[in-house]
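Structure first, then comments.
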Amino acid sequence: MTTFEKITALLDQHQASYRVVEHAAVGQTDQISEIRGNALSQAAKAMVLTVVMPDGAPSRPLLAIVPGDCRINFKSAARAIGGKKSSFADPAEAQALTGCVMGAVPPFSFDDRLALRVDSRLQQAGTLWFNAGELERSIALAVDDYFRIVGEACCADIATPIAITA
């Protein structure tokens with residue numbers, strides 16, 4: 001089963017309100033948001049991090065989801081799962097954990113090793129937009145349905161707004 005099929009099966013199982021949009025294969029949040037016609041604040045930007053845990057415990061992978069108009073706060077993301085600091089995961093490890101090429105990673109973890117944390121700003125998005133396991137397919141999902149499926153416990157303040165300069 002592909003990641004796209006896993007997502008749509010999960011959304012159907014939970015009777016979520018969503019629609020699939022097909023488009024050119026684009027993995028940049030700003031470019032794909034323009035193509036889809038959504039605000040950057042509605043885009044769910046997914047990144048896989050490696051979190052250093054305290055007391056010499058093994059590091060943990062984290063799927064961090066932030067709005068498209070924000071950047072990840074590495075320290076806050078680490079703390080959200082009890083860690084000390086975090087950094088981007090090795091691309092090969094990230095692809096192995098998500099089953100997706102970078103840019104196509106959805107805001108869902110289908111691997112028990114991959115913790116999920118979502119920036120709380122996304123609760124106000126109305127509609128969440130994300131690439132759905134493929135660079136040429138996106139899903140527009142009612143944000144209330146998203147949080148009903150992943151649970152409120154995954155919310156954390158893990159992002160920092162990007163300053164716009166003129």
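How things are named: the first chain in the structure tokens is A, the next is B, and so on; residues count from 1 in each chain; ligands count from 1 in the order shown.
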Please extract the residues of segment 82-150 of chain A with a backbone DSSP assignment of strand (DSSP E) and present them as an mmCIF file with C-alpha atoms, in the first residue's frame.
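Generated output (out_0.cif):
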data_model
loop_
_atom_site.group_PDB
_atom_site.id
_atom_site.type_symbol
_atom_site.label_atom_id
_atom_site.label_comp_id
_atom_site.auth_asym_id
_atom_site.auth_seq_id
_atom_site.Cartn_x
_atom_site.Cartn_y
_atom_site.Cartn_z
ATOM 1 C CA LYS A 85 18.322 19.209 20.943
ATOM 2 C CA SER A 86 17.463 18.195 17.412
ATOM 3 C CA SER A 87 18.664 18.505 13.843
ATOM 4 C CA PHE A 88 17.475 17.398 10.423
ATOM 5 C CA ALA A 115 7.011 10.431 16.914
ATOM 6 C CA LEU A 116 4.668 13.165 15.619
ATOM 7 C CA ARG A 117 4.467 16.758 16.855
ATOM 8 C CA VAL A 118 2.417 19.456 15.156
ATOM 9 C CA ASP A 119 2.838 23.166 15.750
ATOM 10 C CA THR A 127 -8.092 23.764 5.991
ATOM 11 C CA LEU A 128 -4.770 21.963 6.109
ATOM 12 C CA TRP A 129 -2.940 21.503 2.790
ATOM 13 C CA PHE A 130 -0.162 18.949 2.322
ATOM 14 C CA ASN A 131 1.580 16.776 -0.236
ATOM 15 C CA ARG A 137 -0.806 14.991 -5.265
ATOM 16 C CA SER A 138 -1.975 17.143 -2.396
ATOM 17 C CA ILE A 139 -4.821 16.856 0.053
ATOM 18 C CA ALA A 140 -6.943 19.646 1.472
ATOM 19 C CA LEU A 141 -8.218 18.423 4.849
ATOM 20 C CA ALA A 142 -10.502 20.069 7.400
#
> From the list A:Gly83, A:Ala78, A:Ser109, A:Gln42, which residue is nearest Pro54 of chain A when using only C-alpha atoms?
Replying inline: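 For Pro54 of chain A, the nearest of the candidates is A:Gly83.
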>> One number please: atom CA of Leu40 of chain A to atom CA of Val21 of chain A, in Å, one decimal.
In response: 16.5 Å
> Of the residues A:Asp30, A:Ala46, A:Val66, A:Arg60, which is the one nearest to Gly133 of chain A, using only C-alpha atoms?
Replying inline: A:Ala46
>> To one decimal place in Å, what is the distance between atom CA of Gln123 of chain A and atom CA of Val143 of chain A?
In response: 6.4 Å
For segment 92-105 of chain A, list every protein, DNA or RNA residue within 7 Å, evaluated using only C-alpha atoms, and leave out those in the same chain fewer than 3 positions away; present the list as a PDB file with N, CA, C and O atoms, in the first residue's frame.
ATOM      1  N   THR A   3       1.914   5.313   0.442  1.00  0.00           N
ATOM      2  CA  THR A   3       1.611   6.294   1.485  1.00  0.00           C
ATOM      3  C   THR A   3       0.314   7.025   1.162  1.00  0.00           C
ATOM      4  O   THR A   3      -0.519   7.241   2.047  1.00  0.00           O
ATOM      5  N   GLY A  27       8.036  20.222  -4.701  1.00  0.00           N
ATOM      6  CA  GLY A  27       8.280  19.903  -3.300  1.00  0.00           C
ATOM      7  C   GLY A  27       8.580  21.104  -2.429  1.00  0.00           C
ATOM      8  O   GLY A  27       8.849  20.946  -1.245  1.00  0.00           O
ATOM      9  N   GLN A  28       8.540  22.331  -2.982  1.00  0.00           N
ATOM     10  CA  GLN A  28       8.787  23.549  -2.210  1.00  0.00           C
ATOM     11  C   GLN A  28       7.453  24.090  -1.707  1.00  0.00           C
ATOM     12  O   GLN A  28       6.525  24.307  -2.469  1.00  0.00           O
ATOM     13  N   ALA A  46       6.294  19.292   6.511  1.00  0.00           N
ATOM     14  CA  ALA A  46       6.746  18.149   7.304  1.00  0.00           C
ATOM     15  C   ALA A  46       8.253  17.983   7.185  1.00  0.00           C
ATOM     16  O   ALA A  46       8.805  18.068   6.092  1.00  0.00           O
ATOM     17  N   VAL A  48      11.604  15.550   9.003  1.00  0.00           N
ATOM     18  CA  VAL A  48      12.044  14.508   9.919  1.00  0.00           C
ATOM     19  C   VAL A  48      13.302  14.999  10.629  1.00  0.00           C
ATOM     20  O   VAL A  48      14.260  15.416   9.984  1.00  0.00           O
ATOM     21  N   ALA A  89      17.193  15.019  10.151  1.00  0.00           N
ATOM     22  CA  ALA A  89      17.634  13.628  10.018  1.00  0.00           C
ATOM     23  C   ALA A  89      18.357  13.456   8.691  1.00  0.00           C
ATOM     24  O   ALA A  89      18.148  14.221   7.736  1.00  0.00           O
ATOM     25  N   ASP A 111       4.870   4.977  11.001  1.00  0.00           N
ATOM     26  CA  ASP A 111       5.948   4.165  11.561  1.00  0.00           C
ATOM     27  C   ASP A 111       5.988   4.422  13.071  1.00  0.00           C
ATOM     28  O   ASP A 111       6.138   5.574  13.488  1.00  0.00           O
ATOM     29  N   LEU A 114       8.564   6.731  14.659  1.00  0.00           N
ATOM     30  CA  LEU A 114       8.567   8.141  14.269  1.00  0.00           C
ATOM     31  C   LEU A 114       7.497   8.913  15.048  1.00  0.00           C
ATOM     32  O   LEU A 114       6.315   8.867  14.718  1.00  0.00           O
ATOM     33  N   ASN A 131       1.272  17.786   0.764  1.00  0.00           N
ATOM     34  CA  ASN A 131       1.580  16.776  -0.236  1.00  0.00           C
ATOM     35  C   ASN A 131       1.296  15.427   0.409  1.00  0.00           C
ATOM     36  O   ASN A 131       1.613  15.200   1.573  1.00  0.00           O
ATOM     37  N   ALA A 132       0.696  14.555  -0.359  1.00  0.00           N
ATOM     38  CA  ALA A 132       0.142  13.322   0.196  1.00  0.00           C
ATOM     39  C   ALA A 132       0.958  12.090  -0.176  1.00  0.00           C
ATOM     40  O   ALA A 132       0.441  11.146  -0.759  1.00  0.00           O
ATOM     41  N   GLY A 133       2.247  12.122   0.153  1.00  0.00           N
ATOM     42  CA  GLY A 133       3.100  10.979  -0.127  1.00  0.00           C
ATOM     43  C   GLY A 133       3.653  10.976  -1.534  1.00  0.00           C
ATOM     44  O   GLY A 133       4.500  10.159  -1.874  1.00  0.00           O
ATOM     45  N   GLU A 134       3.188  11.885  -2.356  1.00  0.00           N
ATOM     46  CA  GLU A 134       3.625  12.022  -3.743  1.00  0.00           C
ATOM     47  C   GLU A 134       3.760  13.502  -4.050  1.00  0.00           C
ATOM     48  O   GLU A 134       2.964  14.309  -3.566  1.00  0.00           O
ATOM     49  N   LEU A 135       4.754  13.863  -4.849  1.00  0.00           N
ATOM     50  CA  LEU A 135       4.961  15.279  -5.167  1.00  0.00           C
ATOM     51  C   LEU A 135       3.858  15.854  -6.054  1.00  0.00           C
ATOM     52  O   LEU A 135       3.667  17.066  -6.084  1.00  0.00           O
TER      53      LEU A 135
END
>> Counting only C-alpha atoms, which residue out of A:Thr8, A:Asp157, A:Asp144, A:Ala163 sits closest to Lys75 of chain A?
In response: A:Asp157
Mind listing the alpha helix (DSSP H) residues of chain A, per DSSP on the backbone, as a CSV table (one decimal) with N, CA and C atoms, in the first residue's frame?
chain,number,residue,atom,x,y,z
A,3,THR,N,1.9,5.3,0.4
A,3,THR,CA,1.6,6.3,1.5
A,3,THR,C,0.3,7.0,1.2
A,4,PHE,N,0.1,7.4,-0.1
A,4,PHE,CA,-1.1,8.1,-0.5
A,4,PHE,C,-2.3,7.2,-0.2
A,5,GLU,N,-2.3,5.9,-0.5
A,5,GLU,CA,-3.4,5.0,-0.2
A,5,GLU,C,-3.6,4.8,1.3
A,6,LYS,N,-2.5,4.8,2.1
A,6,LYS,CA,-2.6,4.8,3.6
A,6,LYS,C,-3.4,6.0,4.1
A,7,ILE,N,-3.0,7.2,3.6
A,7,ILE,CA,-3.6,8.4,4.0
A,7,ILE,C,-5.1,8.4,3.7
A,8,THR,N,-5.4,8.1,2.4
A,8,THR,CA,-6.9,8.2,2.1
A,8,THR,C,-7.7,7.1,2.8
A,9,ALA,N,-7.1,6.0,3.1
A,9,ALA,CA,-7.8,4.9,3.8
A,9,ALA,C,-8.0,5.4,5.3
A,10,LEU,N,-7.0,6.1,5.9
A,10,LEU,CA,-7.2,6.6,7.2
A,10,LEU,C,-8.2,7.7,7.3
A,11,LEU,N,-8.2,8.6,6.3
A,11,LEU,CA,-9.2,9.7,6.3
A,11,LEU,C,-10.6,9.1,6.0
A,12,ASP,N,-10.7,8.2,5.1
A,12,ASP,CA,-12.1,7.5,4.9
A,12,ASP,C,-12.6,6.8,6.1
A,13,GLN,N,-11.7,6.1,6.8
A,13,GLN,CA,-12.0,5.4,8.0
A,13,GLN,C,-12.6,6.3,9.1
A,29,THR,N,7.4,24.4,-0.4
A,29,THR,CA,6.1,24.8,0.2
A,29,THR,C,5.6,26.1,-0.4
A,30,ASP,N,6.4,27.1,-0.6
A,30,ASP,CA,5.9,28.3,-1.1
A,30,ASP,C,5.4,28.2,-2.6
A,31,GLN,N,6.1,27.4,-3.4
A,31,GLN,CA,5.7,27.2,-4.8
A,31,GLN,C,4.5,26.4,-4.9
A,32,ILE,N,4.4,25.3,-4.1
A,32,ILE,CA,3.2,24.5,-4.3
A,32,ILE,C,1.9,25.2,-3.7
A,33,SER,N,2.1,26.0,-2.6
A,33,SER,CA,1.0,26.7,-2.1
A,33,SER,C,0.5,27.7,-3.1
A,34,GLU,N,1.3,28.3,-3.9
A,34,GLU,CA,0.9,29.2,-4.9
A,34,GLU,C,0.1,28.5,-6.0
A,35,ILE,N,0.6,27.3,-6.4
A,35,ILE,CA,-0.1,26.5,-7.4
A,35,ILE,C,-1.5,26.1,-6.9
A,36,ARG,N,-1.5,25.6,-5.6
A,36,ARG,CA,-2.8,25.1,-5.1
A,36,ARG,C,-3.7,26.2,-4.7
A,74,PHE,N,14.3,24.1,16.5
A,74,PHE,CA,14.9,22.8,16.8
A,74,PHE,C,14.9,22.4,18.3
A,75,LYS,N,15.2,23.4,19.2
A,75,LYS,CA,15.2,23.1,20.6
A,75,LYS,C,13.8,22.8,21.1
A,76,SER,N,12.8,23.6,20.7
A,76,SER,CA,11.4,23.4,21.1
A,76,SER,C,10.9,22.0,20.6
A,77,ALA,N,11.3,21.7,19.4
A,77,ALA,CA,10.8,20.4,18.9
A,77,ALA,C,11.4,19.2,19.7
A,78,ALA,N,12.7,19.3,20.0
A,78,ALA,CA,13.3,18.3,20.9
A,78,ALA,C,12.6,18.2,22.2
A,79,ARG,N,12.4,19.3,22.8
A,79,ARG,CA,11.8,19.3,24.2
A,79,ARG,C,10.4,18.7,24.1
A,91,PRO,N,18.8,12.3,5.1
A,91,PRO,CA,17.8,12.1,4.1
A,91,PRO,C,17.4,10.7,3.9
A,92,ALA,N,18.4,9.8,3.9
A,92,ALA,CA,18.1,8.4,3.6
A,92,ALA,C,17.3,7.8,4.8
A,93,GLU,N,17.6,8.2,6.0
A,93,GLU,CA,16.8,7.7,7.2
A,93,GLU,C,15.4,8.3,7.1
A,94,ALA,N,15.3,9.5,6.8
A,94,ALA,CA,14.0,10.2,6.7
A,94,ALA,C,13.1,9.5,5.7
A,95,GLN,N,13.7,9.2,4.5
A,95,GLN,CA,12.9,8.5,3.5
A,95,GLN,C,12.5,7.1,3.9
A,96,ALA,N,13.4,6.4,4.6
A,96,ALA,CA,13.1,5.0,5.1
A,96,ALA,C,12.0,5.1,6.1
A,97,LEU,N,12.0,6.1,7.0
A,97,LEU,CA,10.9,6.2,8.0
A,97,LEU,C,9.6,6.6,7.5
A,98,THR,N,9.6,7.4,6.5
A,98,THR,CA,8.3,7.9,5.9
A,98,THR,C,7.8,7.2,4.7
A,143,VAL,N,-9.1,21.0,9.2
A,143,VAL,CA,-8.1,20.9,10.3
A,143,VAL,C,-8.7,20.2,11.5
A,144,ASP,N,-10.0,20.4,11.8
A,144,ASP,CA,-10.6,19.8,12.9
A,144,ASP,C,-10.6,18.2,12.8
A,145,ASP,N,-10.8,17.8,11.5
A,145,ASP,CA,-10.7,16.3,11.3
A,145,ASP,C,-9.3,15.8,11.5
A,146,TYR,N,-8.3,16.6,11.0
A,146,TYR,CA,-6.9,16.2,11.2
A,146,TYR,C,-6.6,16.0,12.7
A,147,PHE,N,-6.9,17.0,13.5
A,147,PHE,CA,-6.6,16.9,14.9
A,147,PHE,C,-7.4,15.8,15.6
A,148,ARG,N,-8.6,15.6,15.1
A,148,ARG,CA,-9.4,14.5,15.7
A,148,ARG,C,-8.7,13.1,15.4
A,149,ILE,N,-8.1,13.0,14.3
A,149,ILE,CA,-7.4,11.8,13.9
A,149,ILE,C,-6.1,11.6,14.6
A,150,VAL,N,-5.2,12.7,14.6
A,150,VAL,CA,-3.9,12.5,15.2
A,150,VAL,C,-3.9,12.8,16.7
> So how many Å separate atom CA of Ala64 of chain A and atom CA of Asn38 of chain A, to one decimal?
Replying inline: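 If I compute the distance from atom CA of Ala64 of chain A to atom CA of Asn38 of chain A, I get 20.3 Å.
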> Counting only C-alpha atoms, which of A:Arg121, A:Lys45, A:Lys84, A:His23 gets nearest to Gly68 of chain A?
Replying inline: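 Ranking A:Arg121, A:Lys45, A:Lys84, A:His23 by distance to Gly68 of chain A, first place goes to A:Lys45.
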> From the list A:Ala80, A:Phe110, A:Ser120, A:Leu49, which residue is nearest Thr2 of chain A when using only C-alpha atoms?
Replying inline: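 Checking each of A:Ala80, A:Phe110, A:Ser120, A:Leu49 against Thr2 of chain A, counting only C-alpha atoms, the winner is A:Phe110.
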> Out of A:Ala44, A:Ala156, A:Ala39, A:Ile81, which residue has the shortest atom-to-atom distance to Ile65 of chain A when counting only C-alpha atoms?
Replying inline: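 Looking at the shortest contact to Ile65 of chain A, the residue is A:Ala44.
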